[in-house]
$ cat work-v5.txt   # compact mmCIF, C-alpha atoms
# COMPACT_ATOMS: atom_id res chain seq x y z
CA MET A 1 -4.01 1.27 20.38
CA THR A 2 -1.36 3.99 20.42
CA ALA A 3 -1.97 7.60 19.40
CA LEU A 4 0.28 8.95 16.66
CA PRO A 5 1.45 12.56 16.39
CA SER A 6 -0.55 14.94 14.24
CA SER A 7 2.28 15.00 11.68
CA LEU A 8 1.25 11.42 10.81
CA LYS A 9 -2.48 12.06 10.50
CA GLU A 10 -2.44 10.84 6.87
CA SER A 11 -0.31 7.71 7.32
CA SER A 12 -0.98 5.70 4.18
CA ALA A 13 1.49 2.79 4.46
CA LEU A 14 3.51 0.94 7.07
CA VAL A 15 6.79 -1.02 7.19
CA LEU A 16 8.33 -2.72 10.23
CA LYS A 17 12.14 -3.05 10.39
CA GLY A 18 13.50 -4.31 13.67
CA ASP A 19 11.79 -2.40 16.47
CA PHE A 20 10.86 0.61 14.37
CA PHE A 21 8.17 1.49 11.85
CA MET A 22 8.43 3.54 8.69
CA THR A 23 5.50 5.36 7.12
CA ILE A 24 4.55 8.07 4.63
CA ASN A 25 1.74 10.58 4.37
CA ASP A 26 -0.36 10.68 1.24
CA SER A 27 -1.25 13.25 -1.42
CA GLY A 28 -0.02 16.82 -1.15
CA ASN A 29 2.24 16.24 1.85
CA LYS A 30 6.01 16.60 1.90
CA PRO A 31 8.09 13.77 0.36
CA ILE A 32 9.23 12.41 3.72
CA ILE A 33 9.69 8.93 5.14
CA TYR A 34 8.97 8.97 8.88
CA VAL A 35 10.50 6.53 11.38
CA PHE A 36 8.69 5.98 14.67
CA ASN A 37 8.78 3.55 17.58
CA LYS A 38 6.09 1.34 19.12
CA GLU A 39 5.17 4.14 21.52
CA GLY A 40 4.22 6.27 18.52
CA GLU A 41 7.18 8.65 18.89
CA ILE A 42 8.87 9.91 15.72
CA THR A 43 12.58 9.17 15.96
CA HIS A 44 13.75 10.19 12.49
CA LYS A 45 12.61 11.88 9.29
CA CYS A 46 14.18 11.55 5.87
CA TYR A 47 13.34 13.97 3.05
CA ILE A 48 13.42 12.59 -0.51
CA SER A 49 15.06 15.50 -2.27
CA ASN A 50 14.18 14.75 -5.89
CA ALA A 51 10.64 13.43 -5.35
CA THR A 52 7.15 14.91 -5.39
CA ASN A 53 4.33 13.52 -3.27
CA ARG A 54 1.50 13.64 -5.78
CA ASP A 55 -0.32 10.78 -4.07
CA TRP A 56 1.99 8.50 -2.11
CA GLU A 57 -0.01 5.46 -1.03
CA ALA A 58 2.37 2.51 -0.59
CA LEU A 59 5.71 1.75 1.04
CA VAL A 60 7.44 -1.61 0.55
CA TYR A 61 10.68 -3.03 1.97
CA ASP A 62 12.38 -5.77 -0.06
CA GLY A 63 13.85 -7.32 3.11
CA LYS A 64 17.38 -6.53 1.95
CA GLU A 65 18.52 -3.11 0.81
CA HIS A 66 15.71 -1.04 -0.65
CA LEU A 67 12.44 0.71 0.04
CA PHE A 68 9.92 1.39 -2.71
CA ILE A 69 7.50 4.31 -2.44
CA GLY A 70 4.36 3.97 -4.52
CA ASP A 71 3.17 7.28 -5.98
CA ILE A 72 0.20 5.35 -7.29
CA GLY A 73 -2.89 7.05 -5.87
CA ASN A 74 -5.25 7.70 -8.77
CA ASN A 75 -8.71 8.46 -7.41
CA GLN A 76 -10.08 9.74 -10.70
CA ASN A 77 -8.28 7.11 -12.81
CA LYS A 78 -6.82 9.81 -15.07
CA ARG A 79 -3.14 10.03 -14.04
CA LYS A 80 -0.47 9.51 -16.68
CA ASN A 81 2.45 10.10 -14.30
CA LEU A 82 2.38 7.05 -12.01
CA ARG A 83 5.74 6.47 -10.39
CA ILE A 84 7.73 4.28 -8.00
CA TYR A 85 10.61 5.80 -6.03
CA LYS A 86 13.45 3.47 -5.01
CA VAL A 87 15.71 4.41 -2.07
CA HIS A 88 18.36 2.60 -0.04
CA VAL A 89 16.92 1.74 3.36
CA ASP A 90 20.14 2.38 5.32
CA SER A 91 20.50 5.77 3.67
CA VAL A 92 16.97 6.64 4.75
CA LEU A 93 17.62 5.55 8.33
CA ASN A 94 20.92 7.40 8.66
CA ASN A 95 20.43 10.62 6.71
CA LYS A 96 18.08 13.58 6.83
CA THR A 97 17.98 13.85 3.03
CA VAL A 98 18.43 11.29 0.24
CA SER A 99 17.73 11.15 -3.47
CA ALA A 100 15.71 8.39 -5.13
CA ASN A 101 15.69 6.52 -8.40
CA ALA A 102 12.33 6.95 -10.16
CA ILE A 103 10.48 4.29 -12.15
CA ASN A 104 7.72 5.71 -14.32
CA PHE A 105 5.12 3.22 -15.45
CA HIS A 106 1.65 2.67 -16.85
CA TYR A 107 -0.88 -0.16 -16.77
CA ASP A 108 -0.87 -2.34 -19.86
CA ASP A 109 -4.66 -2.42 -20.19
CA GLN A 110 -5.58 1.22 -19.51
CA ASP A 111 -6.29 3.15 -22.71
CA ALA A 112 -8.68 5.86 -21.44
CA PHE A 113 -7.87 8.57 -18.88
CA PRO A 114 -10.30 8.32 -17.22
CA PRO A 115 -12.18 5.23 -18.42
CA GLU A 116 -15.94 4.86 -18.13
CA LYS A 117 -17.11 4.76 -14.52
CA SER A 118 -17.82 1.03 -14.75
CA GLU A 119 -14.15 0.40 -15.70
CA ARG A 120 -12.34 2.47 -13.07
CA TYR A 121 -9.92 -0.11 -11.68
CA PHE A 122 -6.71 1.96 -11.88
CA ASP A 123 -6.47 3.64 -8.49
CA ALA A 124 -4.04 1.82 -6.15
CA GLU A 125 -2.84 1.92 -2.55
CA ALA A 126 -1.25 -1.51 -2.07
CA MET A 127 1.99 -3.13 -3.23
CA VAL A 128 4.11 -6.14 -2.22
CA TYR A 129 7.61 -7.19 -3.27
CA ASN A 130 8.47 -10.66 -4.57
CA ASN A 131 11.35 -12.00 -6.70
CA ASP A 132 12.60 -8.64 -7.93
CA SER A 133 9.13 -7.45 -8.93
CA LEU A 134 6.46 -5.31 -7.36
CA PHE A 135 2.88 -6.52 -7.38
CA ILE A 136 0.26 -3.78 -7.33
CA PHE A 137 -3.29 -4.38 -6.06
CA THR A 138 -5.70 -1.76 -7.33
CA LYS A 139 -8.41 -0.02 -5.32
CA ASN A 140 -11.79 -0.41 -6.96
CA ARG A 141 -13.44 2.86 -8.05
CA ALA A 142 -15.93 1.28 -10.43
CA GLU A 143 -19.59 2.30 -10.39
CA PRO A 144 -21.45 0.12 -9.67
CA PHE A 145 -18.96 -1.37 -7.23
CA ASP A 146 -18.14 -4.98 -8.11
CA GLY A 147 -15.34 -5.86 -5.64
CA ILE A 148 -12.64 -6.52 -8.25
CA SER A 149 -9.02 -5.62 -7.54
CA LYS A 150 -6.72 -5.92 -10.52
CA VAL A 151 -3.28 -7.34 -9.75
CA TYR A 152 -0.29 -6.12 -11.78
CA ALA A 153 3.37 -7.11 -11.94
CA LEU A 154 6.02 -4.41 -12.36
CA ASP A 155 9.57 -5.47 -13.24
CA LEU A 156 12.18 -3.56 -11.26
CA HIS A 157 14.61 -3.42 -14.18
CA PRO A 158 12.90 -0.41 -15.73
CA THR A 159 13.04 0.83 -19.28
CA ALA A 160 12.05 4.24 -20.58
CA ASP A 161 8.47 2.99 -20.82
CA THR A 162 7.94 0.55 -17.96
CA ILE A 163 4.71 -1.44 -18.09
CA ALA A 164 2.74 -2.95 -15.21
CA PHE A 165 1.30 -6.16 -16.64
CA HIS A 166 -2.15 -7.36 -15.60
CA LEU A 167 -1.87 -10.82 -14.03
CA TYR A 168 -5.33 -11.61 -12.73
CA ASP A 169 -8.34 -10.22 -10.88
CA LEU A 170 -8.76 -10.68 -7.15
CA GLN A 171 -12.47 -10.87 -6.43
CA LEU A 172 -13.62 -9.44 -3.11
CA LYS A 173 -17.25 -9.22 -2.08
CA PRO A 174 -19.24 -6.77 -4.26
CA THR A 175 -20.78 -4.99 -1.27
CA HIS A 176 -19.40 -1.46 -0.82
CA TRP A 177 -16.10 0.30 -1.50
CA MET A 178 -15.72 1.21 2.18
CA GLU A 179 -15.78 -2.43 3.19
CA GLU A 180 -13.95 -4.11 0.30
CA SER A 181 -11.49 -1.64 -1.25
CA ILE A 182 -7.85 -2.69 -0.79
CA THR A 183 -5.76 -0.10 1.05
CA ASP A 184 -2.55 -2.04 1.81
CA ALA A 185 -1.03 -5.50 1.52
CA ASP A 186 1.84 -7.56 2.90
CA LEU A 187 3.45 -10.78 1.67
CA CYS A 188 4.95 -13.21 4.16
CA SER A 189 6.54 -16.19 2.38
CA GLU A 190 3.60 -17.54 0.35
CA ASP A 191 0.93 -15.93 2.53
CA LEU A 192 -0.72 -12.75 1.28
CA PHE A 193 -2.47 -10.36 3.67
CA ILE A 194 -4.89 -7.78 2.30
CA LEU A 195 -6.15 -4.75 4.27
CA THR A 196 -9.45 -2.93 3.86
CA TYR A 197 -11.12 -0.40 6.16
CA GLY A 198 -13.07 -3.18 7.85
CA LYS A 199 -10.92 -6.34 7.81
CA ILE A 200 -7.75 -8.24 6.92
CA TYR A 201 -7.92 -11.08 4.44
CA TRP A 202 -5.37 -13.90 4.66
CA TYR A 203 -4.74 -15.75 1.40
CA LYS A 204 -2.52 -18.82 0.91
CA TRP A 205 -0.83 -19.77 -2.37
CA ASN A 206 -1.85 -23.20 -3.71
CA ASN A 207 0.62 -23.46 -6.64
CA LYS A 208 -1.68 -21.72 -9.10
CA ASP A 209 -3.46 -18.88 -7.29
CA PHE A 210 -4.27 -17.44 -3.87
CA GLN A 211 -7.05 -19.07 -1.84
CA LEU A 212 -8.77 -17.37 1.08
CA ALA A 213 -7.69 -18.93 4.39
CA LYS A 214 -9.04 -16.60 7.07
CA THR A 215 -10.70 -13.23 7.62
CA TYR A 216 -9.93 -10.93 10.55
CA LEU A 217 -12.82 -8.53 11.23
CA PHE A 218 -12.39 -5.15 12.93
CA ASP A 219 -14.86 -3.77 15.47
CA GLY A 220 -15.64 -0.82 13.23
CA TYR A 221 -14.52 1.22 10.26
CA THR A 222 -11.70 3.74 10.24
CA GLN A 223 -9.53 4.75 7.30
CA LYS A 224 -6.92 2.03 7.83
CA GLU A 225 -4.24 2.29 5.16
CA GLY A 226 -1.08 0.87 6.74
CA LEU A 227 -0.37 -2.84 7.35
CA THR A 228 2.75 -4.69 8.46
CA MET A 229 3.47 -7.64 10.75
CA ASP A 230 5.90 -9.71 12.74
CA LYS A 231 5.57 -13.39 13.71
CA LYS A 232 2.88 -12.72 16.33
CA PHE A 233 1.05 -9.50 15.49
CA PHE A 234 -0.38 -7.32 12.77
CA TYR A 235 0.32 -3.60 13.06
CA LEU A 236 -2.00 -1.08 11.44
CA THR A 237 -2.20 2.68 11.04
CA ASP A 238 -5.17 4.79 10.05
CA GLU A 239 -5.79 8.33 8.87
CA ASP A 240 -7.62 11.14 10.61
CA GLU A 241 -8.46 12.94 7.36
CA SER A 242 -11.57 11.31 6.01
CA ILE A 243 -15.32 11.04 5.97
CA ILE A 244 -14.92 8.24 8.51
CA THR A 245 -14.61 9.50 12.07
CA GLY A 246 -11.63 8.62 14.25
CA GLY A 247 -8.12 7.66 13.29
CA ASN A 248 -4.44 8.65 13.65
CA TYR A 249 -3.52 5.55 15.66
CA LEU A 250 -1.17 2.58 15.62
CA TYR A 251 -3.03 -0.68 16.26
CA LYS A 252 -1.70 -4.08 17.34
CA LEU A 253 -3.74 -7.18 16.45
CA LYS A 254 -2.86 -10.78 17.28
CA ARG A 255 -2.30 -12.94 14.19

$ encode --input "work-v5.txt" --output "structure tokens"
Amino acid sequence: MTALPSSLKESSALVLKGDFFMTINDSGNKPIIYVFNKEGEITHKCYISNATNRDWEALVYDGKEHLFIGDIGNNQNKRKNLRIYKVHVDSVLNNKTVSANAINFHYDDQDAFPPEKSERYFDAEAMVYNNDSLFIFTKNRAEPFDGISKVYALDLHPTADTIAFHLYDLQLKPTHWMEESITDADLCSEDLFILTYGKIYWYKWNNKDFQLAKTYLFDGYTQKEGLTMDKKFFYLTDEDESIITGGNYLYKLKR
């Protein structure tokens, strides 16, 4: 466990590239991508000049040229300005300021803003990249809590009215939002890893859907919202701005 600087106390996503991590802070903070090392030291900051951080919750690297910032936080399920920012990763790493391409989108099955409390499935904090699309995993805000995360596909060849299409529902345990709400995700080949405050779920693709393979349980709950990995370890970050005590650390967990 490595302490992070106070400027990263709301780290809401995590990407590993080489020996360095990239992260963002969430709602109301400056539109900055932070680069830091495994000792928790910030080595670079890049300001996104034409972006607004309404509620940045996800950061995805396509493994090639681009990063995607998910301005997809939607606690009340009433936003009509959801957006993805696309930036060139080398530009971020080598410049103090860059501009981004913006992709505005909406969910194909949301027609009320907000919907009834029992239908509030449109908050999101997790995305993965696959085959030139982003897949968004929503964070359940339904009352009563039923453990469902809706999974959407977003084509990265945007039009003026880009639509995130509902693919299927991922059913987690209908216990409590603190235990089973999805806060980040990572895709490694055909293995999907899902983060909640209390655990990591490992799913394997079986040619038609994802099947649960393993669950990694944490010792306790903190507001863990960043997940990335290499061949041996998971790396996690958590926030220190929540009703849950503790946070503002980088964690290393054996896979």

$ closest_residue --input "work-v5.txt" --among "A:Asp230, A:Glu39, A:Glu10, A:Asp71" --to "Cys188 in chain A" --atoms "all atoms listed in the file"
A:Asp230

$ closest_residue --input "work-v5.txt" --among "A:Leu14, A:Val98, A:Leu187, A:Val89" --to "Pro31 in chain A" --atoms "all atoms listed in the file"
A:Val98

$ residues_around --input "work-v5.txt" --residues "Thr159 in chain A" --least-positions-apart "3" --cutoff "9 Å" --atoms "all atoms listed in the file" --output "list in words"
Ile103, Asn104, Thr162 and Ile163 of chain A

$ atom_distance --input "work-v5.txt" --atom1 "CA of Ile32 in chain A" --atom2 "CA of Glu239 in chain A"
16.4 Å

$ residues_near_point --input "work-v5.txt" --point "(-3.2, 18.6, -6.1)" --cutoff "9 Å" --atoms "all atoms listed in the file" --output "list in words"
Ser27, Gly28, Arg54 and Asp55 of chain A
